[in-house]
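In what follows, a structure is listed as structure tokens, so that the remarks can point back to it.
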Amino acid sequence: MPYVKTSVRTTRAGTVRYLQLAHNEWDQDAQRSRTRVLYNFGREDELDKDAVRRLVAALSRLLDPAEALAAAEPGELSVTASRPAGGTHVLDQLWRRLGLGEAVRTTLTRRRLSPDTERVLFALVANRALAASSKLAAADWICGDVHIDGLDETSDDACYRAMDHLLTIEPVLAEQACYQVTDLLNLEVDLLFFDTTSTYFETEEADEDVPRDDRGEQVPAGSEEEAGQAGFRANGNPRTPGTTSRRSSSGWPSPGTGSPSGSGPGPGTPPTPA
């Protein structure tokens, strides 16, 4: 098993200690153990500690967190829990930058609620973003799956009470978030990305209404097809043709209050005899 071997030399300047990574091997011929030097670290006072840290980190990756921690610390040491903190840390910093945490804590003044309500609300937001689940499952997620600064554990009852408080203070939080996001969007940027699958643009002036046929070509003015196009445009959908009817000069009354073309009440075409 490798170990750090220390050797001492006395010089005119004083005593100097040298460090070596060594390993004891059994010499079959001599029938005794011999020391084999694997690596020379050099003088102890000139030791490259950064290189040693990199070596320890590289070796620690070969062990699980509990074994690596126990190997680095002397004495009896055991790991009781291990939780990831990256995702919740990023969201917590955004939560604080938007001022939502301070806004929630302000609303807790003179209310019979736990001071941890703000942390519980953040934890529920983080749960929705990282591992969306019910309030009951969210409480287990907060207690056992992630680390949230300032909130070691919670209960489903605390989550429900925090949600009731959120419904009360929602306008205050919405206003705070709006002001903060507006300031962020006022920053000067060099490049903007648009997701065109959910973005559309509108203008104050309507587009020119030009009648077109099924192939997208413009219908000649004055043609019978243009008259039909005008009929289904009156229904309010320029893309899906509707049923049109021609006005007649006969004395048959219209059966409804208006013709399908939307031309209003008036005489209509008599039904065809069976």
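All residue names refer to the structure tokens as shown: chains lettered A, B, ... in order, residues numbered from 1 in each chain, ligands numbered from 1 in order.
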Write down as number ranges by chain the residues of stretch 24-83 of chain A whose backbone DSSP state falls under strand (DSSP E or B).
A: 24-27, 32-43
Quick one: residues within 8 Å of A:His147, only C-alpha atoms, excluding same-chain residues fewer than 6 positions away - as a short mmCIF file (atom, residue, chain, number, x, y, z; two decimals) with C-alpha atoms, in the first residue's frame?
```cif
data_model
loop_
_atom_site.label_atom_id
_atom_site.label_comp_id
_atom_site.auth_asym_id
_atom_site.auth_seq_id
_atom_site.Cartn_x
_atom_site.Cartn_y
_atom_site.Cartn_z
CA ARG A 83 -27.72 16.51 -1.70
CA PRO A 84 -27.10 18.36 -4.98
CA ALA A 85 -27.22 22.15 -4.72
CA THR A 88 -31.44 25.37 -6.53
#
```
Pick out the residues sitting within 9 Å of A:Leu151, and hand them over as a PyMOL selection string; count only C-alpha atoms, and ignore anything fewer than 6 positions along from it in its own chain.
chain A and resi 116+119-120+123+142-143
Got time to write the residues from that selection, all heavy atoms, as an mmCIF file, in the first residue's frame?
```cif
data_model
loop_
_atom_site.group_PDB
_atom_site.id
_atom_site.type_symbol
_atom_site.label_atom_id
_atom_site.label_comp_id
_atom_site.auth_asym_id
_atom_site.auth_seq_id
_atom_site.Cartn_x
_atom_site.Cartn_y
_atom_site.Cartn_z
ATOM 1 N N ASP A 116 -40.107 30.905 7.941
ATOM 2 C CA ASP A 116 -39.621 30.065 6.842
ATOM 3 C C ASP A 116 -40.555 30.074 5.634
ATOM 4 O O ASP A 116 -40.264 29.394 4.642
ATOM 5 C CB ASP A 116 -39.455 28.621 7.319
ATOM 6 C CG ASP A 116 -38.349 28.489 8.352
ATOM 7 O OD1 ASP A 116 -37.455 29.356 8.374
ATOM 8 O OD2 ASP A 116 -38.393 27.526 9.144
ATOM 9 N N ARG A 119 -38.879 30.887 2.398
ATOM 10 C CA ARG A 119 -38.035 29.794 1.917
ATOM 11 C C ARG A 119 -38.877 28.653 1.357
ATOM 12 O O ARG A 119 -38.487 28.005 0.384
ATOM 13 C CB ARG A 119 -37.148 29.272 3.042
ATOM 14 C CG ARG A 119 -36.062 30.214 3.499
ATOM 15 C CD ARG A 119 -34.888 30.283 2.516
ATOM 16 N NE ARG A 119 -35.156 31.111 1.345
ATOM 17 C CZ ARG A 119 -34.414 31.110 0.245
ATOM 18 N NH1 ARG A 119 -33.395 30.292 0.155
ATOM 19 N NH2 ARG A 119 -34.701 31.903 -0.773
ATOM 20 N N VAL A 120 -40.019 28.403 1.970
ATOM 21 C CA VAL A 120 -40.899 27.340 1.484
ATOM 22 C C VAL A 120 -41.450 27.707 0.106
ATOM 23 O O VAL A 120 -41.510 26.859 -0.798
ATOM 24 C CB VAL A 120 -42.042 27.075 2.476
ATOM 25 C CG1 VAL A 120 -43.040 26.074 1.911
ATOM 26 C CG2 VAL A 120 -41.495 26.562 3.802
ATOM 27 N N ALA A 123 -38.796 27.174 -2.351
ATOM 28 C CA ALA A 123 -38.592 25.749 -2.569
ATOM 29 C C ALA A 123 -39.649 25.170 -3.506
ATOM 30 O O ALA A 123 -39.355 24.320 -4.359
ATOM 31 C CB ALA A 123 -38.603 25.002 -1.231
ATOM 32 N N ILE A 142 -37.842 18.358 -1.143
ATOM 33 C CA ILE A 142 -37.096 19.397 -0.430
ATOM 34 C C ILE A 142 -36.268 18.794 0.698
ATOM 35 O O ILE A 142 -35.115 19.186 0.917
ATOM 36 C CB ILE A 142 -38.064 20.465 0.115
ATOM 37 C CG1 ILE A 142 -38.750 21.194 -1.044
ATOM 38 C CG2 ILE A 142 -37.346 21.464 1.011
ATOM 39 C CD1 ILE A 142 -39.929 22.047 -0.610
ATOM 40 N N CYS A 143 -36.842 17.821 1.407
ATOM 41 C CA CYS A 143 -36.172 17.251 2.593
ATOM 42 C C CYS A 143 -35.083 16.251 2.235
ATOM 43 O O CYS A 143 -34.116 16.105 3.003
ATOM 44 C CB CYS A 143 -37.204 16.582 3.491
ATOM 45 S SG CYS A 143 -38.421 17.718 4.202
#
```
Residues within 12 Å of A:Asp183, please, as a JSON list (two decimals) with N, CA and C atoms, in the first residue's frame. Count only C-alpha atoms; anything in the same chain fewer than 6 positions from it doesn't count.
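Everything below was put into selection04.json:
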```json
[["chain", "number", "residue", "atom", "x", "y", "z"],
["A", 97, "ARG", "N", -32.26, 38.25, -6.89],
["A", 97, "ARG", "CA", -32.02, 39.40, -7.76],
["A", 97, "ARG", "C", -33.32, 40.07, -8.19],
["A", 98, "LEU", "N", -34.37, 39.30, -8.38],
["A", 98, "LEU", "CA", -35.67, 39.87, -8.71],
["A", 98, "LEU", "C", -36.35, 40.50, -7.49],
["A", 176, "GLN", "N", -43.61, 43.43, -8.31],
["A", 176, "GLN", "CA", -42.18, 43.45, -8.07],
["A", 176, "GLN", "C", -41.42, 42.78, -9.21],
["A", 177, "ALA", "N", -41.89, 41.63, -9.65],
["A", 177, "ALA", "CA", -41.23, 40.92, -10.75],
["A", 177, "ALA", "C", -41.29, 41.73, -12.03]]
```
Find the residue from A:His23, A:Arg43, A:Arg36, A:His89 that sits nearest to A:Ser7; use only C-alpha atoms when measuring.
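So, comparing all the options, the nearest one is A:Arg43.
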Which of stretch 78-180 of chain A DSSP labels helix (DSSP H, G or I), written as a PDB file with N, CA and C atoms, in the first residue's frame:
```
ATOM      1  N   GLY A  86     -26.660  22.585  -7.074  1.00  0.00           N
ATOM      2  CA  GLY A  86     -26.405  23.457  -8.213  1.00  0.00           C
ATOM      3  C   GLY A  86     -27.639  24.157  -8.741  1.00  0.00           C
ATOM      4  N   GLY A  87     -28.672  23.386  -9.100  1.00  0.00           N
ATOM      5  CA  GLY A  87     -29.874  23.973  -9.693  1.00  0.00           C
ATOM      6  C   GLY A  87     -30.593  24.916  -8.752  1.00  0.00           C
ATOM      7  N   THR A  88     -30.745  24.504  -7.492  1.00  0.00           N
ATOM      8  CA  THR A  88     -31.436  25.373  -6.529  1.00  0.00           C
ATOM      9  C   THR A  88     -30.628  26.626  -6.234  1.00  0.00           C
ATOM     10  N   HIS A  89     -29.303  26.531  -6.272  1.00  0.00           N
ATOM     11  CA  HIS A  89     -28.471  27.711  -6.020  1.00  0.00           C
ATOM     12  C   HIS A  89     -28.665  28.759  -7.123  1.00  0.00           C
ATOM     13  N   VAL A  90     -28.688  28.316  -8.375  1.00  0.00           N
ATOM     14  CA  VAL A  90     -28.885  29.251  -9.489  1.00  0.00           C
ATOM     15  C   VAL A  90     -30.252  29.924  -9.395  1.00  0.00           C
ATOM     16  N   LEU A  91     -31.287  29.128  -9.135  1.00  0.00           N
ATOM     17  CA  LEU A  91     -32.627  29.699  -9.026  1.00  0.00           C
ATOM     18  C   LEU A  91     -32.746  30.625  -7.820  1.00  0.00           C
ATOM     19  N   ASP A  92     -32.067  30.302  -6.732  1.00  0.00           N
ATOM     20  CA  ASP A  92     -32.111  31.149  -5.543  1.00  0.00           C
ATOM     21  C   ASP A  92     -31.480  32.502  -5.814  1.00  0.00           C
ATOM     22  N   GLN A  93     -30.385  32.520  -6.565  1.00  0.00           N
ATOM     23  CA  GLN A  93     -29.759  33.798  -6.900  1.00  0.00           C
ATOM     24  C   GLN A  93     -30.672  34.640  -7.791  1.00  0.00           C
ATOM     25  N   LEU A  94     -31.375  34.007  -8.729  1.00  0.00           N
ATOM     26  CA  LEU A  94     -32.327  34.736  -9.568  1.00  0.00           C
ATOM     27  C   LEU A  94     -33.496  35.248  -8.739  1.00  0.00           C
ATOM     28  N   TRP A  95     -33.982  34.420  -7.813  1.00  0.00           N
ATOM     29  CA  TRP A  95     -35.066  34.795  -6.900  1.00  0.00           C
ATOM     30  C   TRP A  95     -34.694  36.045  -6.104  1.00  0.00           C
ATOM     31  N   ARG A  96     -33.451  36.076  -5.609  1.00  0.00           N
ATOM     32  CA  ARG A  96     -32.994  37.212  -4.812  1.00  0.00           C
ATOM     33  C   ARG A  96     -32.784  38.447  -5.687  1.00  0.00           C
ATOM     34  N   ARG A  97     -32.260  38.251  -6.891  1.00  0.00           N
ATOM     35  CA  ARG A  97     -32.016  39.405  -7.760  1.00  0.00           C
ATOM     36  C   ARG A  97     -33.322  40.067  -8.186  1.00  0.00           C
ATOM     37  N   LEU A 100     -37.802  39.010  -5.025  1.00  0.00           N
ATOM     38  CA  LEU A 100     -39.009  38.310  -4.597  1.00  0.00           C
ATOM     39  C   LEU A 100     -38.905  37.853  -3.145  1.00  0.00           C
ATOM     40  N   GLY A 101     -37.712  37.440  -2.729  1.00  0.00           N
ATOM     41  CA  GLY A 101     -37.548  37.007  -1.350  1.00  0.00           C
ATOM     42  C   GLY A 101     -37.824  38.132  -0.364  1.00  0.00           C
ATOM     43  N   GLU A 102     -37.281  39.304  -0.636  1.00  0.00           N
ATOM     44  CA  GLU A 102     -37.511  40.442   0.249  1.00  0.00           C
ATOM     45  C   GLU A 102     -38.974  40.866   0.232  1.00  0.00           C
ATOM     46  N   ALA A 103     -39.614  40.798  -0.934  1.00  0.00           N
ATOM     47  CA  ALA A 103     -41.033  41.160  -1.025  1.00  0.00           C
ATOM     48  C   ALA A 103     -41.897  40.214  -0.193  1.00  0.00           C
ATOM     49  N   VAL A 104     -41.573  38.921  -0.220  1.00  0.00           N
ATOM     50  CA  VAL A 104     -42.344  37.958   0.577  1.00  0.00           C
ATOM     51  C   VAL A 104     -42.122  38.201   2.064  1.00  0.00           C
ATOM     52  N   ARG A 105     -40.874  38.418   2.461  1.00  0.00           N
ATOM     53  CA  ARG A 105     -40.592  38.647   3.880  1.00  0.00           C
ATOM     54  C   ARG A 105     -41.277  39.908   4.402  1.00  0.00           C
ATOM     55  N   THR A 106     -41.425  40.919   3.550  1.00  0.00           N
ATOM     56  CA  THR A 106     -42.121  42.137   3.967  1.00  0.00           C
ATOM     57  C   THR A 106     -43.587  41.859   4.266  1.00  0.00           C
ATOM     58  N   THR A 107     -44.210  40.982   3.490  1.00  0.00           N
ATOM     59  CA  THR A 107     -45.627  40.679   3.700  1.00  0.00           C
ATOM     60  C   THR A 107     -45.876  39.824   4.930  1.00  0.00           C
ATOM     61  N   THR A 117     -41.663  30.827   5.702  1.00  0.00           N
ATOM     62  CA  THR A 117     -42.629  30.825   4.594  1.00  0.00           C
ATOM     63  C   THR A 117     -41.983  31.265   3.292  1.00  0.00           C
ATOM     64  N   GLU A 118     -41.119  32.265   3.368  1.00  0.00           N
ATOM     65  CA  GLU A 118     -40.442  32.735   2.150  1.00  0.00           C
ATOM     66  C   GLU A 118     -39.590  31.631   1.545  1.00  0.00           C
ATOM     67  N   ARG A 119     -38.879  30.887   2.398  1.00  0.00           N
ATOM     68  CA  ARG A 119     -38.035  29.794   1.917  1.00  0.00           C
ATOM     69  C   ARG A 119     -38.877  28.653   1.357  1.00  0.00           C
ATOM     70  N   VAL A 120     -40.019  28.403   1.970  1.00  0.00           N
ATOM     71  CA  VAL A 120     -40.899  27.340   1.484  1.00  0.00           C
ATOM     72  C   VAL A 120     -41.450  27.707   0.106  1.00  0.00           C
ATOM     73  N   LEU A 121     -41.840  28.968  -0.065  1.00  0.00           N
ATOM     74  CA  LEU A 121     -42.348  29.399  -1.370  1.00  0.00           C
ATOM     75  C   LEU A 121     -41.267  29.270  -2.440  1.00  0.00           C
ATOM     76  N   PHE A 122     -40.047  29.672  -2.099  1.00  0.00           N
ATOM     77  CA  PHE A 122     -38.960  29.500  -3.075  1.00  0.00           C
ATOM     78  C   PHE A 122     -38.749  28.023  -3.387  1.00  0.00           C
ATOM     79  N   ALA A 123     -38.796  27.174  -2.351  1.00  0.00           N
ATOM     80  CA  ALA A 123     -38.592  25.749  -2.569  1.00  0.00           C
ATOM     81  C   ALA A 123     -39.649  25.170  -3.506  1.00  0.00           C
ATOM     82  N   LEU A 124     -40.894  25.641  -3.386  1.00  0.00           N
ATOM     83  CA  LEU A 124     -41.953  25.166  -4.272  1.00  0.00           C
ATOM     84  C   LEU A 124     -41.709  25.638  -5.704  1.00  0.00           C
ATOM     85  N   VAL A 125     -41.217  26.866  -5.856  1.00  0.00           N
ATOM     86  CA  VAL A 125     -40.876  27.363  -7.191  1.00  0.00           C
ATOM     87  C   VAL A 125     -39.745  26.537  -7.793  1.00  0.00           C
ATOM     88  N   ALA A 126     -38.720  26.253  -6.980  1.00  0.00           N
ATOM     89  CA  ALA A 126     -37.605  25.447  -7.465  1.00  0.00           C
ATOM     90  C   ALA A 126     -38.065  24.041  -7.830  1.00  0.00           C
ATOM     91  N   ASN A 127     -38.971  23.489  -7.052  1.00  0.00           N
ATOM     92  CA  ASN A 127     -39.495  22.164  -7.359  1.00  0.00           C
ATOM     93  C   ASN A 127     -40.250  22.157  -8.677  1.00  0.00           C
ATOM     94  N   ARG A 128     -41.035  23.213  -8.922  1.00  0.00           N
ATOM     95  CA  ARG A 128     -41.769  23.304 -10.185  1.00  0.00           C
ATOM     96  C   ARG A 128     -40.825  23.416 -11.367  1.00  0.00           C
ATOM     97  N   ALA A 129     -39.689  24.085 -11.180  1.00  0.00           N
ATOM     98  CA  ALA A 129     -38.736  24.273 -12.277  1.00  0.00           C
ATOM     99  C   ALA A 129     -37.852  23.047 -12.500  1.00  0.00           C
ATOM    100  N   LEU A 130     -37.471  22.351 -11.432  1.00  0.00           N
ATOM    101  CA  LEU A 130     -36.489  21.271 -11.548  1.00  0.00           C
ATOM    102  C   LEU A 130     -37.104  19.882 -11.533  1.00  0.00           C
ATOM    103  N   LYS A 135     -47.724  18.931  -3.921  1.00  0.00           N
ATOM    104  CA  LYS A 135     -47.209  19.525  -2.686  1.00  0.00           C
ATOM    105  C   LYS A 135     -46.641  18.452  -1.768  1.00  0.00           C
ATOM    106  N   LEU A 136     -47.303  17.299  -1.689  1.00  0.00           N
ATOM    107  CA  LEU A 136     -46.827  16.225  -0.830  1.00  0.00           C
ATOM    108  C   LEU A 136     -45.489  15.700  -1.312  1.00  0.00           C
ATOM    109  N   ALA A 137     -45.374  15.476  -2.610  1.00  0.00           N
ATOM    110  CA  ALA A 137     -44.105  14.995  -3.166  1.00  0.00           C
ATOM    111  C   ALA A 137     -43.032  16.074  -3.099  1.00  0.00           C
ATOM    112  N   ALA A 138     -43.443  17.347  -3.227  1.00  0.00           N
ATOM    113  CA  ALA A 138     -42.476  18.440  -3.153  1.00  0.00           C
ATOM    114  C   ALA A 138     -41.829  18.507  -1.777  1.00  0.00           C
ATOM    115  N   ALA A 139     -42.597  18.247  -0.725  1.00  0.00           N
ATOM    116  CA  ALA A 139     -42.034  18.261   0.628  1.00  0.00           C
ATOM    117  C   ALA A 139     -40.961  17.185   0.772  1.00  0.00           C
ATOM    118  N   ASP A 140     -41.200  15.993   0.255  1.00  0.00           N
ATOM    119  CA  ASP A 140     -40.187  14.938   0.292  1.00  0.00           C
ATOM    120  C   ASP A 140     -38.964  15.314  -0.538  1.00  0.00           C
ATOM    121  N   TRP A 141     -39.197  15.962  -1.686  1.00  0.00           N
ATOM    122  CA  TRP A 141     -38.101  16.390  -2.559  1.00  0.00           C
ATOM    123  C   TRP A 141     -37.226  17.419  -1.854  1.00  0.00           C
ATOM    124  N   ILE A 142     -37.842  18.358  -1.143  1.00  0.00           N
ATOM    125  CA  ILE A 142     -37.096  19.397  -0.430  1.00  0.00           C
ATOM    126  C   ILE A 142     -36.268  18.794   0.698  1.00  0.00           C
ATOM    127  N   CYS A 143     -36.842  17.821   1.407  1.00  0.00           N
ATOM    128  CA  CYS A 143     -36.172  17.251   2.593  1.00  0.00           C
ATOM    129  C   CYS A 143     -35.083  16.251   2.235  1.00  0.00           C
ATOM    130  N   GLY A 144     -35.214  15.557   1.122  1.00  0.00           N
ATOM    131  CA  GLY A 144     -34.285  14.468   0.856  1.00  0.00           C
ATOM    132  C   GLY A 144     -33.504  14.508  -0.425  1.00  0.00           C
ATOM    133  N   ASP A 156     -45.696  18.935   4.264  1.00  0.00           N
ATOM    134  CA  ASP A 156     -46.728  19.245   3.286  1.00  0.00           C
ATOM    135  C   ASP A 156     -47.688  20.299   3.826  1.00  0.00           C
ATOM    136  N   ASP A 157     -47.936  20.307   5.157  1.00  0.00           N
ATOM    137  CA  ASP A 157     -48.799  21.344   5.741  1.00  0.00           C
ATOM    138  C   ASP A 157     -48.185  22.731   5.566  1.00  0.00           C
ATOM    139  N   ALA A 158     -46.886  22.831   5.766  1.00  0.00           N
ATOM    140  CA  ALA A 158     -46.211  24.114   5.569  1.00  0.00           C
ATOM    141  C   ALA A 158     -46.294  24.555   4.107  1.00  0.00           C
ATOM    142  N   CYS A 159     -46.230  23.613   3.199  1.00  0.00           N
ATOM    143  CA  CYS A 159     -46.345  23.954   1.773  1.00  0.00           C
ATOM    144  C   CYS A 159     -47.737  24.483   1.458  1.00  0.00           C
ATOM    145  N   TYR A 160     -48.774  23.860   2.005  1.00  0.00           N
ATOM    146  CA  TYR A 160     -50.140  24.316   1.754  1.00  0.00           C
ATOM    147  C   TYR A 160     -50.383  25.702   2.357  1.00  0.00           C
ATOM    148  N   ARG A 161     -49.859  25.939   3.571  1.00  0.00           N
ATOM    149  CA  ARG A 161     -50.025  27.262   4.190  1.00  0.00           C
ATOM    150  C   ARG A 161     -49.294  28.331   3.390  1.00  0.00           C
ATOM    151  N   ALA A 162     -48.112  27.997   2.888  1.00  0.00           N
ATOM    152  CA  ALA A 162     -47.366  28.960   2.078  1.00  0.00           C
ATOM    153  C   ALA A 162     -48.108  29.280   0.786  1.00  0.00           C
ATOM    154  N   MET A 163     -48.753  28.280   0.181  1.00  0.00           N
ATOM    155  CA  MET A 163     -49.519  28.523  -1.041  1.00  0.00           C
ATOM    156  C   MET A 163     -50.728  29.414  -0.772  1.00  0.00           C
ATOM    157  N   ASP A 164     -51.380  29.235   0.387  1.00  0.00           N
ATOM    158  CA  ASP A 164     -52.497  30.121   0.744  1.00  0.00           C
ATOM    159  C   ASP A 164     -52.014  31.565   0.877  1.00  0.00           C
ATOM    160  N   HIS A 165     -50.852  31.748   1.470  1.00  0.00           N
ATOM    161  CA  HIS A 165     -50.295  33.097   1.606  1.00  0.00           C
ATOM    162  C   HIS A 165     -49.919  33.665   0.245  1.00  0.00           C
ATOM    163  N   LEU A 166     -49.443  32.801  -0.650  1.00  0.00           N
ATOM    164  CA  LEU A 166     -49.060  33.262  -1.982  1.00  0.00           C
ATOM    165  C   LEU A 166     -50.260  33.832  -2.736  1.00  0.00           C
ATOM    166  N   LEU A 167     -51.421  33.205  -2.600  1.00  0.00           N
ATOM    167  CA  LEU A 167     -52.620  33.708  -3.272  1.00  0.00           C
ATOM    168  C   LEU A 167     -52.967  35.116  -2.781  1.00  0.00           C
ATOM    169  N   THR A 168     -52.668  35.402  -1.520  1.00  0.00           N
ATOM    170  CA  THR A 168     -52.972  36.715  -0.961  1.00  0.00           C
ATOM    171  C   THR A 168     -52.008  37.781  -1.465  1.00  0.00           C
ATOM    172  N   ILE A 169     -50.740  37.447  -1.586  1.00  0.00           N
ATOM    173  CA  ILE A 169     -49.725  38.438  -1.932  1.00  0.00           C
ATOM    174  C   ILE A 169     -49.341  38.393  -3.407  1.00  0.00           C
ATOM    175  N   GLU A 170     -50.053  37.626  -4.212  1.00  0.00           N
ATOM    176  CA  GLU A 170     -49.705  37.486  -5.626  1.00  0.00           C
ATOM    177  C   GLU A 170     -49.606  38.823  -6.355  1.00  0.00           C
ATOM    178  N   PRO A 171     -50.534  39.790  -6.163  1.00  0.00           N
ATOM    179  CA  PRO A 171     -50.387  41.081  -6.867  1.00  0.00           C
ATOM    180  C   PRO A 171     -49.098  41.809  -6.516  1.00  0.00           C
ATOM    181  N   VAL A 172     -48.682  41.728  -5.250  1.00  0.00           N
ATOM    182  CA  VAL A 172     -47.448  42.396  -4.830  1.00  0.00           C
ATOM    183  C   VAL A 172     -46.238  41.768  -5.511  1.00  0.00           C
ATOM    184  N   LEU A 173     -46.181  40.451  -5.557  1.00  0.00           N
ATOM    185  CA  LEU A 173     -45.061  39.768  -6.195  1.00  0.00           C
ATOM    186  C   LEU A 173     -45.044  40.006  -7.700  1.00  0.00           C
ATOM    187  N   ALA A 174     -46.220  40.011  -8.316  1.00  0.00           N
ATOM    188  CA  ALA A 174     -46.288  40.246  -9.761  1.00  0.00           C
ATOM    189  C   ALA A 174     -45.761  41.634 -10.105  1.00  0.00           C
ATOM    190  N   GLU A 175     -46.112  42.636  -9.299  1.00  0.00           N
ATOM    191  CA  GLU A 175     -45.638  43.994  -9.545  1.00  0.00           C
ATOM    192  C   GLU A 175     -44.124  44.083  -9.363  1.00  0.00           C
ATOM    193  N   GLN A 176     -43.613  43.433  -8.313  1.00  0.00           N
ATOM    194  CA  GLN A 176     -42.177  43.453  -8.068  1.00  0.00           C
ATOM    195  C   GLN A 176     -41.424  42.784  -9.213  1.00  0.00           C
ATOM    196  N   ALA A 177     -41.892  41.629  -9.650  1.00  0.00           N
ATOM    197  CA  ALA A 177     -41.233  40.922 -10.748  1.00  0.00           C
ATOM    198  C   ALA A 177     -41.294  41.732 -12.032  1.00  0.00           C
ATOM    199  N   CYS A 178     -42.411  42.411 -12.274  1.00  0.00           N
ATOM    200  CA  CYS A 178     -42.565  43.216 -13.489  1.00  0.00           C
ATOM    201  C   CYS A 178     -41.545  44.342 -13.520  1.00  0.00           C
ATOM    202  N   TYR A 179     -41.387  45.059 -12.402  1.00  0.00           N
ATOM    203  CA  TYR A 179     -40.427  46.161 -12.362  1.00  0.00           C
ATOM    204  C   TYR A 179     -39.002  45.669 -12.572  1.00  0.00           C
ATOM    205  N   GLN A 180     -38.653  44.559 -11.944  1.00  0.00           N
ATOM    206  CA  GLN A 180     -37.296  44.053 -12.058  1.00  0.00           C
ATOM    207  C   GLN A 180     -37.002  43.535 -13.459  1.00  0.00           C
TER     208      GLN A 180
END
```
Figure out the distance between atom CA of A:Ser33 and atom CA of A:Leu47, please, to one decimal in Å.
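About the pair atom CA of A:Leu47 and atom CA of A:Ser33: they are 28.2 Å apart.
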Pairwise distance for atom CA of A:Val56 and atom CA of A:Thr10, rounded to one decimal in Å:
29.9 Å
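Closest approach to A:Leu19 from the set A:Glu202, A:Asp190, A:Asp50, A:Asp45 is made by A:Asp45, with distances taken over only C-alpha atoms.
As for atom CA of A:Glu67 and atom CA of A:Lys5, they are spaced 23.2 Å apart.
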